[in-house]
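*Asks:* This structure is in structure tokens; I'll ask about it shortly.
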Amino acid sequence: MFSGIWLALAWAVPAAVCLGDVLFVHDYISDEYLMGKQESELRVGYTPRAMLVDKQTRYTGSWMKRFFGEVKEQRDTTHFLLEKRRIREIDWYKNKIVTLPFENLNHVKMLQADNTMAQGAAEILNTRYKVVDPVFTITVDPETKTVGGYPCRYIKADLRLETRDLKKNAASITLVRQNLWVSDAVPGADQYDDFHRHLAQTLGLEAERLGQLNFVLRYWQGALDPIRESLVLIKGYPVQNDFSVEAQYVKNTGSPTSVVISKMIKKERMTLSDAKVMDTLDESRFAAVGPFREVTLQ
């Protein structure tokens, strides 16, 4: 049920300490292969006990406008409640609030890990397909550059995933790219880091997987040890975040007559437009108004 709002951002963002509560506001634009162009305002509020996310989206792509007869609008709101150990998502269209306890996140991972393929089927697939070792590179620019009024460090991350079809002499390649500008001069950056660290500890995850490179790390299933030295250099709040996924299909691999067919699956840009530290966050912007029924996922 839980929408991509918490997968795309929550597995990425955190919140406050004794310095006060924080509100970050982002302009968010994306272009997806199936959904078309989208424009969003993304608000992320932090307190020492919670991260509150509200995303209001307008689907401006021509296909979506033709399908709905107008620009479709959507709202997604998610609460990460650290002390209560639960995630709450507001379904504005069904007047429903869905709650997922943190403990059940671990159950989901265990079920996925145990969902192994039958040995016979795996052997058949292994004779036809070969998964090439992923190539993951991270570059951290030592120099700073002013972006959005903040001194930022530039980080470039590239991940290449490839599966070869031995029978057809072809390959399917996924290119995941993230270009990131981060700054520790953004108001509330310390609160962000503090909540981030506590959320990772509570969930039993490596902190880096919830950090600034969460977009590209969602596609990386390997250990973080080979890239940890680069990850620890990435500090501060994201001021601008560019992310893309490109799919390629290569015919006649390794041949002079090879043909590459490319399709851009997704392009996103998230830009920080405002950051405020305050004594108390106004949580009404993130609250459900009206009669909402609550459902807890077990």
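Naming works like this for the structure tokens: A, B, ... for the chains as they're shown, residue 1 at the start of each chain, ligands 1 onward in shown order.
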Among region 36-207 of chain A, which ones does DSSP assign to helix (DSSP H, G or I) (computed from the backbone)? Answer as a PyMOL selection string.

*Replies:* chain A and resi 62-68+102-114+119-128+189-203+207

*Asks:* Near region 86-93 of chain A, counting only C-alpha atoms, which residues have an atom at most 8 Å away, once you skip same-chain residues fewer than 3 positions from it, shown as a tab-separated table (two decimals) with C-alpha atoms, in the first residue's frame?

*Replies:*
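After the write, around-v4.tsv holds the following:
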```tsv
chain	number	residue	atom	x	y	z
A	2	PHE	CA	2.65	2.49	1.04
A	75	ARG	CA	-1.37	14.22	-2.37
A	76	ASP	CA	0.80	11.81	-0.37
A	77	THR	CA	1.46	12.23	3.35
A	78	THR	CA	3.58	9.93	5.49
A	79	HIS	CA	4.62	10.10	9.16
A	80	PHE	CA	7.69	8.33	10.53
A	81	LEU	CA	7.09	8.13	14.29
A	82	LEU	CA	10.32	7.14	15.97
A	96	LYS	CA	-8.03	6.09	5.53
A	97	ILE	CA	-4.85	6.08	7.60
A	98	VAL	CA	-2.68	2.99	7.22
A	99	THR	CA	-0.19	2.19	9.98
A	100	LEU	CA	2.80	-0.11	9.63
A	101	PRO	CA	4.78	-0.96	12.80
A	102	PHE	CA	8.55	-0.89	12.40
A	288	ALA	CA	-5.54	14.38	8.31
```

*Asks:* Choose the residue, out of A:Leu203, A:Val176, A:Met278, A:Val239, that has the smallest atom-to-atom separation from Ile265 (chain A); count only C-alpha atoms.

*Replies:* A:Val176

*Asks:* Pick out the residues sitting within 9 Å of Gln56 (chain A), and hand them over as number ranges by chain; count only C-alpha atoms, and ignore anything fewer than 3 positions along from it in its own chain.

*Replies:* A: 39-43, 73-77

*Asks:* What does the distance from CA of Glu143 (chain A) to CA of Tyr237 (chain A) come to in Å, to one decimal?

*Replies:* 16.5 Å
